$ cat entry-v2.cif   # mmCIF, C-alpha atoms and all ligand atoms
data_my_file
#
loop_
_atom_site.label_atom_id
_atom_site.label_comp_id
_atom_site.auth_asym_id
_atom_site.auth_seq_id
_atom_site.Cartn_x
_atom_site.Cartn_y
_atom_site.Cartn_z
CA MET A 1 -14.67 80.26 -76.62
CA SER A 2 -16.59 82.98 -78.42
CA ASP A 3 -16.28 83.89 -82.09
CA ASN A 4 -15.60 87.45 -80.97
CA SER A 5 -11.85 86.96 -80.98
CA VAL A 6 -8.85 89.24 -81.47
CA GLY A 7 -8.71 91.01 -84.82
CA LYS A 8 -12.48 91.20 -85.14
CA ARG A 9 -14.48 94.35 -84.61
CA LYS A 10 -15.73 94.84 -81.08
CA ARG A 11 -19.40 94.27 -80.48
CA VAL A 12 -22.29 96.30 -79.15
CA LEU A 13 -25.75 95.16 -78.23
CA SER A 14 -28.70 97.22 -77.06
CA GLY A 15 -32.48 97.18 -77.01
CA VAL A 16 -35.66 99.12 -76.33
CA GLN A 17 -38.91 97.71 -74.97
CA PRO A 18 -41.98 97.88 -77.22
CA SER A 19 -43.89 99.22 -74.23
CA GLY A 20 -45.24 102.51 -75.58
CA ASN A 21 -44.39 105.38 -77.91
CA LEU A 22 -40.68 106.06 -78.28
CA THR A 23 -39.71 109.45 -76.84
CA VAL A 24 -37.06 112.07 -77.55
CA GLY A 25 -35.38 110.69 -74.39
CA ASN A 26 -35.04 107.27 -76.02
CA TYR A 27 -33.59 108.98 -79.08
CA VAL A 28 -30.92 111.16 -77.48
CA GLY A 29 -30.13 108.65 -74.71
CA ALA A 30 -29.96 105.52 -76.83
CA LEU A 31 -30.93 105.32 -80.51
CA ARG A 32 -28.85 108.23 -81.73
CA GLN A 33 -25.76 106.65 -80.21
CA TRP A 34 -26.52 103.30 -81.78
CA ALA A 35 -26.75 104.91 -85.22
CA ARG A 36 -23.33 106.53 -84.72
CA GLU A 37 -21.60 103.54 -83.22
CA GLN A 38 -22.81 100.96 -85.73
CA TYR A 39 -19.89 101.94 -87.99
CA ASN A 40 -17.34 101.39 -85.22
CA PHE A 41 -18.70 98.13 -83.80
CA GLU A 42 -20.33 94.96 -85.00
CA SER A 43 -23.84 95.82 -83.80
CA PHE A 44 -26.91 93.94 -82.59
CA PHE A 45 -30.08 95.88 -81.84
CA CYS A 46 -33.10 94.03 -80.56
CA VAL A 47 -36.67 94.93 -79.75
CA VAL A 48 -36.91 93.49 -76.24
CA ASP A 49 -40.46 92.17 -76.29
CA LEU A 50 -39.84 89.63 -73.50
CA HIS A 51 -39.02 92.54 -71.20
CA ALA A 52 -42.28 94.27 -72.10
CA ILE A 53 -44.44 91.52 -70.56
CA THR A 54 -43.08 92.11 -67.04
CA VAL A 55 -45.77 94.75 -66.38
CA PRO A 56 -49.47 94.53 -67.36
CA TYR A 57 -49.80 94.93 -71.15
CA ASP A 58 -52.13 94.43 -74.11
CA PRO A 59 -51.15 91.57 -76.52
CA LEU A 60 -52.47 93.36 -79.62
CA ALA A 61 -50.53 96.49 -78.77
CA LEU A 62 -47.39 94.45 -78.10
CA ARG A 63 -47.37 93.01 -81.63
CA GLU A 64 -48.03 96.40 -83.22
CA LYS A 65 -45.42 98.19 -81.11
CA THR A 66 -42.81 95.52 -81.81
CA ARG A 67 -42.99 96.33 -85.54
CA GLU A 68 -43.20 100.05 -84.86
CA VAL A 69 -40.09 100.07 -82.66
CA ALA A 70 -38.13 98.06 -85.24
CA ALA A 71 -39.16 100.52 -87.97
CA LEU A 72 -38.16 103.43 -85.74
CA TYR A 73 -34.70 101.92 -85.25
CA LEU A 74 -34.22 102.19 -89.01
CA ALA A 75 -35.88 105.61 -89.20
CA CYS A 76 -33.40 106.85 -86.58
CA GLY A 77 -30.48 105.78 -88.75
CA ILE A 78 -29.80 102.12 -88.00
CA ASP A 79 -28.77 100.56 -91.31
CA PRO A 80 -29.94 96.94 -91.54
CA GLU A 81 -27.13 96.22 -94.01
CA VAL A 82 -24.63 97.27 -91.34
CA SER A 83 -26.30 96.17 -88.09
CA THR A 84 -28.34 93.14 -87.07
CA VAL A 85 -31.89 94.19 -86.11
CA PHE A 86 -34.10 91.53 -84.54
CA VAL A 87 -36.84 90.72 -82.05
CA GLN A 88 -35.68 89.23 -78.75
CA SER A 89 -38.39 86.53 -78.59
CA HIS A 90 -37.41 85.28 -82.08
CA VAL A 91 -34.16 83.98 -80.61
CA SER A 92 -35.05 81.43 -77.93
CA ALA A 93 -31.54 81.45 -76.47
CA HIS A 94 -32.45 84.67 -74.60
CA ALA A 95 -35.11 82.94 -72.51
CA GLU A 96 -32.97 79.84 -72.04
CA LEU A 97 -29.84 81.66 -70.90
CA THR A 98 -31.96 83.69 -68.48
CA TRP A 99 -32.98 80.49 -66.72
CA LEU A 100 -29.40 79.26 -66.56
CA LEU A 101 -28.18 82.59 -65.15
CA ASN A 102 -31.03 82.57 -62.62
CA GLY A 103 -29.27 79.61 -61.04
CA ILE A 104 -26.22 81.70 -60.16
CA THR A 105 -27.79 85.10 -59.45
CA PRO A 106 -28.33 85.92 -55.76
CA LEU A 107 -31.81 87.18 -54.99
CA GLY A 108 -30.32 90.02 -52.94
CA TRP A 109 -28.74 91.50 -56.07
CA LEU A 110 -32.16 91.74 -57.73
CA ASN A 111 -33.91 93.14 -54.69
CA ARG A 112 -31.50 96.09 -54.74
CA MET A 113 -32.35 97.22 -58.28
CA THR A 114 -33.86 100.71 -58.23
CA GLN A 115 -35.91 100.12 -61.40
CA PHE A 116 -37.57 97.14 -59.70
CA LYS A 117 -38.26 99.21 -56.60
CA ASP A 118 -39.71 102.09 -58.65
CA LYS A 119 -41.82 99.97 -61.00
CA SER A 120 -43.10 97.63 -58.29
CA ALA A 121 -44.06 100.59 -56.10
CA LYS A 122 -46.43 101.71 -58.88
CA GLN A 123 -48.41 98.45 -58.68
CA GLN A 124 -50.49 96.57 -56.14
CA VAL A 125 -48.15 94.37 -54.10
CA ASP A 126 -50.03 91.23 -55.19
CA SER A 127 -49.76 91.96 -58.89
CA VAL A 128 -46.00 92.58 -59.12
CA SER A 129 -44.71 89.80 -61.38
CA MET A 130 -41.77 87.46 -60.89
CA GLY A 131 -40.68 88.68 -64.32
CA LEU A 132 -40.28 92.24 -63.09
CA LEU A 133 -37.81 91.08 -60.45
CA ASP A 134 -36.00 88.85 -62.97
CA TYR A 135 -35.92 91.58 -65.65
CA PRO A 136 -32.21 92.41 -65.14
CA VAL A 137 -31.20 88.75 -65.55
CA LEU A 138 -32.96 88.65 -68.93
CA MET A 139 -31.10 91.84 -69.82
CA ALA A 140 -27.82 90.21 -68.77
CA ALA A 141 -28.64 87.23 -70.99
CA ASP A 142 -29.30 89.58 -73.95
CA ILE A 143 -25.90 91.16 -73.58
CA LEU A 144 -23.80 88.13 -72.65
CA LEU A 145 -25.14 85.90 -75.45
CA TYR A 146 -23.51 88.22 -77.99
CA GLN A 147 -20.29 88.66 -76.00
CA ALA A 148 -20.90 92.42 -76.28
CA ASP A 149 -17.95 94.65 -75.40
CA ALA A 150 -20.10 97.75 -74.96
CA VAL A 151 -23.75 98.55 -74.33
CA PRO A 152 -25.04 101.97 -75.45
CA VAL A 153 -27.81 103.02 -73.02
CA GLY A 154 -29.13 106.01 -71.09
CA GLU A 155 -28.06 106.79 -67.55
CA ASP A 156 -30.95 104.85 -65.96
CA GLN A 157 -29.54 101.52 -67.17
CA LYS A 158 -26.16 101.91 -65.46
CA GLN A 159 -27.16 99.80 -62.48
CA HIS A 160 -28.43 96.99 -64.73
CA LEU A 161 -25.13 97.05 -66.58
CA GLU A 162 -23.23 96.71 -63.32
CA LEU A 163 -25.38 93.72 -62.43
CA THR A 164 -24.68 92.18 -65.85
CA ARG A 165 -20.96 92.54 -65.19
CA ASP A 166 -21.34 90.95 -61.75
CA ILE A 167 -23.27 88.00 -63.17
CA ALA A 168 -20.71 87.51 -65.96
CA GLN A 169 -17.82 87.63 -63.49
CA ARG A 170 -19.50 85.18 -61.18
CA PHE A 171 -20.15 82.77 -64.06
CA ASN A 172 -16.57 83.06 -65.32
CA HIS A 173 -15.30 82.41 -61.81
CA LEU A 174 -17.53 79.36 -61.25
CA PHE A 175 -17.33 77.71 -64.66
CA GLY A 176 -14.28 79.15 -66.43
CA ASP A 177 -13.80 82.17 -68.66
CA THR A 178 -16.87 82.28 -70.90
CA PHE A 179 -18.35 85.76 -71.10
CA THR A 180 -16.92 89.09 -72.24
CA ILE A 181 -17.37 91.68 -69.47
CA PRO A 182 -19.33 94.53 -71.11
CA ASP A 183 -18.80 98.25 -70.53
CA PRO A 184 -21.68 100.72 -70.39
CA MET A 185 -21.59 103.40 -73.11
CA ILE A 186 -23.51 106.41 -71.83
CA PRO A 187 -23.71 109.55 -74.00
CA PRO A 188 -22.06 112.74 -72.65
CA THR A 189 -25.25 114.76 -73.22
CA GLY A 190 -28.91 113.75 -73.13
CA ALA A 191 -28.33 110.59 -71.05
CA ARG A 192 -31.22 111.43 -68.73
CA ILE A 193 -33.99 113.63 -70.09
CA MET A 194 -36.66 114.41 -67.52
CA GLY A 195 -40.45 114.52 -67.93
CA LEU A 196 -41.72 117.80 -69.40
CA ASP A 197 -44.69 117.76 -67.02
CA ASN A 198 -42.56 116.79 -64.02
CA PRO A 199 -38.84 117.46 -64.28
CA THR A 200 -38.07 115.41 -61.16
CA ALA A 201 -39.03 112.13 -62.91
CA LYS A 202 -37.27 110.56 -65.90
CA MET A 203 -39.10 110.95 -69.21
CA SER A 204 -40.44 107.51 -69.99
CA LYS A 205 -42.53 106.06 -72.79
CA SER A 206 -44.74 104.02 -70.48
CA GLU A 207 -45.70 107.06 -68.38
CA THR A 208 -49.10 108.01 -69.73
CA GLY A 209 -50.50 110.03 -66.81
CA SER A 210 -50.31 113.39 -68.59
CA GLU A 211 -50.37 114.04 -72.33
CA TYR A 212 -47.64 116.66 -71.74
CA HIS A 213 -45.13 114.24 -70.21
CA ALA A 214 -43.05 113.42 -73.28
CA VAL A 215 -42.52 114.30 -76.93
CA TYR A 216 -42.92 111.13 -78.96
CA LEU A 217 -40.87 110.47 -82.08
CA LEU A 218 -44.07 110.16 -84.09
CA ASP A 219 -45.78 113.30 -82.71
CA PRO A 220 -46.88 115.71 -85.47
CA PRO A 221 -44.82 118.95 -85.34
CA ASN A 222 -47.58 121.02 -83.75
CA ARG A 223 -48.19 118.55 -80.96
CA ALA A 224 -44.44 118.36 -80.29
CA ARG A 225 -44.23 122.17 -80.16
CA LYS A 226 -47.18 122.43 -77.84
CA LYS A 227 -45.69 119.91 -75.41
CA VAL A 228 -42.42 121.82 -75.20
CA MET A 229 -44.20 125.17 -74.80
CA ARG A 230 -46.19 123.70 -71.91
CA ALA A 231 -43.12 122.28 -70.12
CA VAL A 232 -43.05 122.92 -66.39
CA THR A 233 -40.47 125.56 -65.37
CA ASP A 234 -40.26 127.81 -62.29
CA SER A 235 -41.03 131.38 -61.39
CA GLY A 236 -37.43 132.60 -61.91
CA ARG A 237 -35.95 134.30 -64.97
CA GLU A 238 -32.36 133.19 -65.29
CA ILE A 239 -31.52 130.74 -68.08
CA ARG A 240 -28.55 128.76 -66.77
CA PHE A 241 -27.62 125.10 -66.38
CA SER A 242 -28.23 124.29 -62.73
CA ARG A 243 -28.37 121.34 -60.33
CA ASP A 244 -30.84 123.14 -58.09
CA PRO A 245 -33.97 120.90 -57.88
CA GLU A 246 -36.11 124.05 -57.95
CA ARG A 247 -34.74 124.81 -61.41
CA ALA A 248 -34.96 121.28 -62.80
CA GLY A 249 -37.46 122.23 -65.51
CA VAL A 250 -35.32 124.92 -67.12
CA ASN A 251 -32.22 122.78 -66.71
CA ASN A 252 -33.96 119.91 -68.50
CA LEU A 253 -34.89 122.12 -71.45
CA LEU A 254 -31.30 123.35 -71.60
CA GLU A 255 -29.95 119.79 -71.52
CA LEU A 256 -32.31 118.74 -74.28
CA TYR A 257 -31.20 121.76 -76.31
CA GLU A 258 -27.56 120.89 -75.65
CA ALA A 259 -28.12 117.29 -76.78
CA LEU A 260 -29.97 118.36 -79.94
CA THR A 261 -27.76 121.25 -81.07
CA ALA A 262 -24.35 119.97 -79.91
CA GLN A 263 -23.41 123.49 -78.73
CA SER A 264 -21.32 124.13 -75.64
CA ARG A 265 -23.02 125.11 -72.39
CA GLU A 266 -21.30 128.51 -72.44
CA ASP A 267 -22.58 129.25 -75.95
CA ILE A 268 -26.09 128.21 -75.00
CA GLU A 269 -26.13 130.36 -71.87
CA GLN A 270 -24.82 133.27 -73.89
CA GLN A 271 -27.46 132.77 -76.58
CA PHE A 272 -30.21 133.09 -73.96
CA ASP A 273 -28.62 135.86 -71.92
CA GLY A 274 -31.29 138.45 -71.18
CA LYS A 275 -34.01 136.32 -72.85
CA GLY A 276 -37.09 134.78 -71.22
CA TYR A 277 -38.31 131.22 -70.69
CA GLY A 278 -40.64 131.64 -73.66
CA ASP A 279 -37.65 132.22 -75.96
CA LEU A 280 -35.91 129.15 -74.60
CA LYS A 281 -39.01 127.02 -75.12
CA LYS A 282 -39.42 128.26 -78.70
CA ALA A 283 -35.82 127.41 -79.51
CA VAL A 284 -36.09 123.94 -77.94
CA ALA A 285 -39.39 123.30 -79.74
CA GLU A 286 -37.81 124.16 -83.12
CA ALA A 287 -34.76 121.99 -82.40
CA VAL A 288 -37.08 119.10 -81.53
CA VAL A 289 -39.21 119.57 -84.65
CA ASP A 290 -36.07 119.74 -86.84
CA MET A 291 -34.89 116.45 -85.34
CA LEU A 292 -38.27 114.73 -85.80
CA GLY A 293 -38.82 115.73 -89.46
CA PRO A 294 -36.39 113.38 -91.21
CA ILE A 295 -37.14 110.52 -88.77
CA GLN A 296 -40.87 110.73 -89.51
CA GLN A 297 -40.26 110.96 -93.25
CA ARG A 298 -38.13 107.80 -93.20
CA TYR A 299 -40.64 106.04 -90.93
CA GLU A 300 -43.40 106.71 -93.45
CA ASP A 301 -41.31 105.38 -96.34
CA LEU A 302 -40.28 102.27 -94.41
CA THR A 303 -43.76 101.31 -93.31
CA ARG A 304 -45.48 101.78 -96.68
CA ASP A 305 -44.79 98.12 -97.48
CA SER A 306 -45.82 96.16 -94.38
CA SER A 307 -43.77 93.07 -95.25
CA TYR A 308 -40.47 94.97 -95.45
CA ILE A 309 -39.90 95.14 -91.70
CA ASP A 310 -41.07 91.56 -91.09
CA ASN A 311 -38.63 90.24 -93.71
CA LEU A 312 -35.80 92.22 -92.29
CA LEU A 313 -36.56 90.94 -88.79
CA ALA A 314 -36.54 87.35 -90.05
CA ARG A 315 -33.08 87.90 -91.51
CA GLY A 316 -31.92 89.57 -88.31
CA ALA A 317 -33.15 86.70 -86.15
CA GLU A 318 -31.23 84.22 -88.27
CA ARG A 319 -27.96 86.08 -87.85
CA ALA A 320 -28.57 86.73 -84.14
CA ASN A 321 -29.37 83.08 -83.60
CA GLU A 322 -26.03 81.98 -85.08
CA VAL A 323 -24.13 84.02 -82.53
CA ALA A 324 -26.44 83.36 -79.58
CA SER A 325 -26.67 79.61 -80.04
CA ALA A 326 -22.87 79.29 -80.18
CA THR A 327 -22.56 81.04 -76.80
CA LEU A 328 -25.41 79.01 -75.34
CA LYS A 329 -23.77 75.76 -76.42
CA THR A 330 -20.58 76.70 -74.56
CA VAL A 331 -22.58 77.71 -71.49
CA ARG A 332 -24.47 74.39 -71.43
CA GLU A 333 -21.23 72.44 -71.64
CA ARG A 334 -19.51 74.49 -68.95
CA MET A 335 -22.47 74.18 -66.60
CA GLY A 336 -22.43 70.39 -66.87
CA PHE A 337 -25.55 69.61 -68.90
CA LEU A 338 -25.56 66.28 -70.73
CA GLU A 339 -25.73 66.88 -74.48
CA PRO A 340 -28.56 64.93 -76.11
CA LEU A 341 -27.61 62.35 -78.78
CA ARG A 342 -28.37 63.64 -82.27
P1 LIG B 1 -40.42 102.21 -69.96
O1 LIG B 1 -41.12 103.43 -69.49
O2 LIG B 1 -41.30 101.26 -70.70
O3 LIG B 1 -39.57 101.57 -68.93
P2 LIG B 1 -38.34 103.83 -71.18
O4 LIG B 1 -38.84 105.02 -71.92
O5 LIG B 1 -37.68 104.06 -69.87
O6 LIG B 1 -39.47 102.72 -71.09
P3 LIG B 1 -36.64 101.74 -72.19
O7 LIG B 1 -37.20 100.83 -73.22
O8 LIG B 1 -36.63 101.25 -70.78
O9 LIG B 1 -37.38 103.14 -72.20
O10 LIG B 1 -35.21 102.25 -72.58
C1 LIG B 1 -34.68 102.28 -73.87
C2 LIG B 1 -33.39 103.06 -73.89
O11 LIG B 1 -33.66 104.46 -73.80
C3 LIG B 1 -32.45 102.75 -72.73
O12 LIG B 1 -31.12 102.76 -73.20
C4 LIG B 1 -32.68 103.87 -71.77
O13 LIG B 1 -31.57 104.13 -70.95
C5 LIG B 1 -32.93 105.03 -72.72
N1 LIG B 1 -33.78 106.05 -72.10
C6 LIG B 1 -35.03 105.87 -71.63
N2 LIG B 1 -35.54 107.01 -71.13
C7 LIG B 1 -34.56 107.94 -71.27
C8 LIG B 1 -34.48 109.34 -70.92
N3 LIG B 1 -35.49 109.95 -70.33
N4 LIG B 1 -33.34 110.00 -71.21
C9 LIG B 1 -32.31 109.36 -71.80
N5 LIG B 1 -32.33 108.05 -72.15
C10 LIG B 1 -33.43 107.34 -71.89
N1 LIG B 2 -33.61 97.34 -69.69
C1 LIG B 2 -33.35 98.14 -70.85
C2 LIG B 2 -33.79 97.51 -72.12
C3 LIG B 2 -32.91 96.38 -72.44
C4 LIG B 2 -31.54 96.46 -72.83
C5 LIG B 2 -31.12 95.11 -73.02
C6 LIG B 2 -30.66 97.49 -73.04
C7 LIG B 2 -33.23 95.08 -72.40
N2 LIG B 2 -32.16 94.30 -72.76
C8 LIG B 2 -29.82 94.81 -73.40
C9 LIG B 2 -29.36 97.18 -73.41
C10 LIG B 2 -28.95 95.86 -73.59
C11 LIG B 2 -34.05 99.45 -70.68
O1 LIG B 2 -33.65 100.35 -71.31
N3 LIG B 2 -35.02 99.56 -69.88
#
$ encode --input "entry-v2.cif" --output "structure tokens"
Amino acid sequence: MSDNSVGKRKRVLSGVQPSGNLTVGNYVGALRQWAREQYNFESFFCVVDLHAITVPYDPLALREKTREVAALYLACGIDPEVSTVFVQSHVSAHAELTWLLNGITPLGWLNRMTQFKDKSAKQQVDSVSMGLLDYPVLMAADILLYQADAVPVGEDQKQHLELTRDIAQRFNHLFGDTFTIPDPMIPPTGARIMGLDNPTAKMSKSETGSEYHAVYLLDPPNRARKKVMRAVTDSGREIRFSRDPERAGVNNLLELYEALTAQSREDIEQQFDGKGYGDLKKAVAEAVVDMLGPIQQRYEDLTRDSSYIDNLLARGAERANEVASATLKTVRERMGFLEPLR
């Protein structure tokens, strides 16, 4: 069936869209976990460029961001000698499997997706693309092609993972056991960092309304500091983790601090006992700057030679294609397509 059989290391697959500047949310929610888990799993990390065309975009920026995101994967600790790093559109099986899975995915399942509802609500009704609705099926294809056992993502992708499992189960039921059913792998801290300018909305790289929304991984230290110092809080004084929506801003800073320093909540609350919001912001800003330093240094080294990343992506696509095309072949057979004579 798949070449992911007993005795082999389990697999992970994940991806980020080249749809803007990567944020500290992307790092603590996704990339940092990938870098850790690559030693425990056989890992595939793709830059999901086909996903990035589901909302209006600029072709020149897409190409540039695709390279940038790949380089940031490495800068954040993905080792290309350990993991397969590639660009989604370089492996045509992703688009092909999406079409095949479209045939067995009920429209009602897609209409229920909260990301679709949120992103389509931000556009004119007439300009919402078919691709935006079909986005989760493409994501399912990404994951199922590699027979991934686990998918390291932030909290917001949980619903898409559930849909992937539903599609895989439906396929297995209709055509025989073919796909591994993947589990979500969501980090215990930092799985949902909120916007610094608006702590009721998830921090997101494509949100460009305010320049104080997110700290980007490539922000110079002073800009990063300034963004944290300007973060929206409330008029209270107490520095405690809290689910109270009124206190979402302070809670978000505390959660970011927790994710970056790996201290317990009790220790953090004790550290800030009797202190003010300004002290908390300073501490978070320094933790953020300390995290960014080595990433930016590696990013600079990696991008000095422009062909390095392109070569590595070519190698990655080759390896990814071996795995993906084997799965696709099985799928085509099971679904009843006539094989062409060769
Ligand atoms: P976009 O705004 O273009 O939708 P995004 O910033 O939400 O982008 P994605 O490319 O959709 O980022 O997601 C990449 C990974 O980062 C996913 O695993 C996602 O769950 C995770 N992630 C995104 N935003 C956050 C956040 N604010 N906190 C934690 N994890 C996040
Ligand atoms: N939809 C994801 C990005 C994504 C992804 C994937 C994540 C596309 N394909 C496969 C994990 C596995 C998001 O984070 N918005």
$ residues_near_point --input "entry-v2.cif" --point "(-21.1, 93.8, -52.4)" --cutoff "12 Å" --atoms "all atoms listed in the file" --output "list in words"
Pro106, Gly108, Trp109, Arg112, Glu162, Leu163 and Asp166 of chain A
$ closest_residue --input "entry-v2.cif" --among "A:Val28, A:Ala224, A:Leu72, A:Ala324" --to "Val288 of chain A" --atoms "all atoms listed in the file"
A:Ala224
$ residues_near_ligand --input "entry-v2.cif" --ligand "ligand LIG 2 (chain B)" --cutoff "6 Å" --atoms "all atoms listed in the file" --output "ChimeraX atom specification"
/A:13-17,48,139,142-143,151,157
$ closest_atom_pairs --input "entry-v2.cif" --of "chain A" --to "ligand LIG 1 (chain B)" --cutoff "7 Å" --atoms "all atoms listed in the file" --output "JSON lines"
{"residue": "A:Gly15", "atom": "CA", "partner": "B:LIG1", "partner_atom": "C1", "distance": 6.4}
{"residue": "A:Val16", "atom": "CA", "partner": "B:LIG1", "partner_atom": "O7", "distance": 3.9}
{"residue": "A:Gln17", "atom": "CA", "partner": "B:LIG1", "partner_atom": "O7", "distance": 4.0}
{"residue": "A:Pro18", "atom": "CA", "partner": "B:LIG1", "partner_atom": "O7", "distance": 6.9}
{"residue": "A:Ser19", "atom": "CA", "partner": "B:LIG1", "partner_atom": "O2", "distance": 4.8}
{"residue": "A:Gly20", "atom": "CA", "partner": "B:LIG1", "partner_atom": "O2", "distance": 6.4}
{"residue": "A:Leu22", "atom": "CA", "partner": "B:LIG1", "partner_atom": "O4", "distance": 6.7}
{"residue": "A:Thr23", "atom": "CA", "partner": "B:LIG1", "partner_atom": "O4", "distance": 6.7}
{"residue": "A:Gly25", "atom": "CA", "partner": "B:LIG1", "partner_atom": "C8", "distance": 3.8}
{"residue": "A:Asn26", "atom": "CA", "partner": "B:LIG1", "partner_atom": "O11", "distance": 3.8}
{"residue": "A:Tyr27", "atom": "CA", "partner": "B:LIG1", "partner_atom": "O11", "distance": 7.0}
{"residue": "A:Val28", "atom": "CA", "partner": "B:LIG1", "partner_atom": "C9", "distance": 6.1}
{"residue": "A:Gly29", "atom": "CA", "partner": "B:LIG1", "partner_atom": "N5", "distance": 3.4}
{"residue": "A:Ala30", "atom": "CA", "partner": "B:LIG1", "partner_atom": "O12", "distance": 4.7}
{"residue": "A:Pro152", "atom": "CA", "partner": "B:LIG1", "partner_atom": "O12", "distance": 6.5}
{"residue": "A:Val153", "atom": "CA", "partner": "B:LIG1", "partner_atom": "O12", "distance": 3.3}
{"residue": "A:Gly154", "atom": "CA", "partner": "B:LIG1", "partner_atom": "O13", "distance": 3.1}
{"residue": "A:Glu155", "atom": "CA", "partner": "B:LIG1", "partner_atom": "O13", "distance": 5.6}
{"residue": "A:Asp156", "atom": "CA", "partner": "B:LIG1", "partner_atom": "O13", "distance": 5.1}
{"residue": "A:Gln157", "atom": "CA", "partner": "B:LIG1", "partner_atom": "O13", "distance": 5.0}
{"residue": "A:Gly190", "atom": "CA", "partner": "B:LIG1", "partner_atom": "C9", "distance": 5.7}
{"residue": "A:Ala191", "atom": "CA", "partner": "B:LIG1", "partner_atom": "C9", "distance": 4.2}
{"residue": "A:Arg192", "atom": "CA", "partner": "B:LIG1", "partner_atom": "N4", "distance": 3.6}
{"residue": "A:Ile193", "atom": "CA", "partner": "B:LIG1", "partner_atom": "N4", "distance": 3.9}
{"residue": "A:Met194", "atom": "CA", "partner": "B:LIG1", "partner_atom": "N3", "distance": 5.4}
{"residue": "A:Lys202", "atom": "CA", "partner": "B:LIG1", "partner_atom": "N3", "distance": 4.8}
{"residue": "A:Met203", "atom": "CA", "partner": "B:LIG1", "partner_atom": "N3", "distance": 3.9}
{"residue": "A:Ser204", "atom": "CA", "partner": "B:LIG1", "partner_atom": "O4", "distance": 3.5}
{"residue": "A:Lys205", "atom": "CA", "partner": "B:LIG1", "partner_atom": "O4", "distance": 3.9}
{"residue": "A:Ser206", "atom": "CA", "partner": "B:LIG1", "partner_atom": "O1", "distance": 3.8}
{"residue": "A:Glu207", "atom": "CA", "partner": "B:LIG1", "partner_atom": "O1", "distance": 5.9}
$ residues_near_point --input "entry-v2.cif" --point "(-24.6, 88.6, -73.1)" --cutoff "9 Å" --atoms "all atoms listed in the file" --output "list in words"
Leu13, His94, Leu97, Met139, Ala140, Ala141, Asp142, Ile143, Leu144, Leu145, Tyr146, Gln147, Ala148, Thr164, Ala168, Phe179, Thr180, Ile181, Pro182, Ala324 and Thr327 of chain A
$ residues_around --input "entry-v2.cif" --residues "Gln159 of chain A" --least-positions-apart "5" --cutoff "9 Å" --atoms "all atoms listed in the file" --output "list in words"
Met113, Thr114, Gln115 and Thr164 of chain A
$ closest_residue --input "entry-v2.cif" --among "A:Asn321, A:Asn311, A:Gln33, A:Ser92" --to "Tyr73 of chain A" --atoms "all atoms listed in the file"
A:Gln33
$ decode --input "entry-v2.cif" --residues "segment 85-93 of chain A" --atoms "N, CA, C and O atoms" --output "PDB file, in the first residue's frame"
ATOM      1  N   VAL A  85      12.570  19.447   2.306  1.00  0.00           N
ATOM      2  CA  VAL A  85      11.981  20.792   2.180  1.00  0.00           C
ATOM      3  C   VAL A  85      11.696  21.025   0.699  1.00  0.00           C
ATOM      4  O   VAL A  85      12.581  20.856  -0.142  1.00  0.00           O
ATOM      5  N   PHE A  86      10.454  21.381   0.385  1.00  0.00           N
ATOM      6  CA  PHE A  86      10.103  21.539  -1.036  1.00  0.00           C
ATOM      7  C   PHE A  86       8.960  22.530  -1.219  1.00  0.00           C
ATOM      8  O   PHE A  86       8.337  22.963  -0.248  1.00  0.00           O
ATOM      9  N   VAL A  87       8.705  22.842  -2.486  1.00  0.00           N
ATOM     10  CA  VAL A  87       7.615  23.752  -2.849  1.00  0.00           C
ATOM     11  C   VAL A  87       6.462  22.900  -3.383  1.00  0.00           C
ATOM     12  O   VAL A  87       6.648  22.057  -4.265  1.00  0.00           O
ATOM     13  N   GLN A  88       5.291  23.139  -2.831  1.00  0.00           N
ATOM     14  CA  GLN A  88       4.097  22.350  -3.169  1.00  0.00           C
ATOM     15  C   GLN A  88       3.868  22.254  -4.689  1.00  0.00           C
ATOM     16  O   GLN A  88       3.633  21.170  -5.221  1.00  0.00           O
ATOM     17  N   SER A  89       3.959  23.384  -5.395  1.00  0.00           N
ATOM     18  CA  SER A  89       3.632  23.363  -6.830  1.00  0.00           C
ATOM     19  C   SER A  89       4.690  22.640  -7.661  1.00  0.00           C
ATOM     20  O   SER A  89       4.471  22.371  -8.844  1.00  0.00           O
ATOM     21  N   HIS A  90       5.847  22.302  -7.058  1.00  0.00           N
ATOM     22  CA  HIS A  90       6.863  21.545  -7.792  1.00  0.00           C
ATOM     23  C   HIS A  90       6.507  20.068  -7.870  1.00  0.00           C
ATOM     24  O   HIS A  90       7.162  19.310  -8.581  1.00  0.00           O
ATOM     25  N   VAL A  91       5.513  19.657  -7.114  1.00  0.00           N
ATOM     26  CA  VAL A  91       5.113  18.241  -7.102  1.00  0.00           C
ATOM     27  C   VAL A  91       3.651  18.192  -7.575  1.00  0.00           C
ATOM     28  O   VAL A  91       2.733  18.479  -6.811  1.00  0.00           O
ATOM     29  N   SER A  92       3.456  17.858  -8.833  1.00  0.00           N
ATOM     30  CA  SER A  92       2.126  18.026  -9.438  1.00  0.00           C
ATOM     31  C   SER A  92       1.076  17.092  -8.830  1.00  0.00           C
ATOM     32  O   SER A  92      -0.125  17.323  -8.979  1.00  0.00           O
ATOM     33  N   ALA A  93       1.523  16.076  -8.129  1.00  0.00           N
ATOM     34  CA  ALA A  93       0.572  15.154  -7.486  1.00  0.00           C
ATOM     35  C   ALA A  93      -0.369  15.882  -6.513  1.00  0.00           C
ATOM     36  O   ALA A  93      -1.497  15.446  -6.297  1.00  0.00           O
TER      37      ALA A  93
END
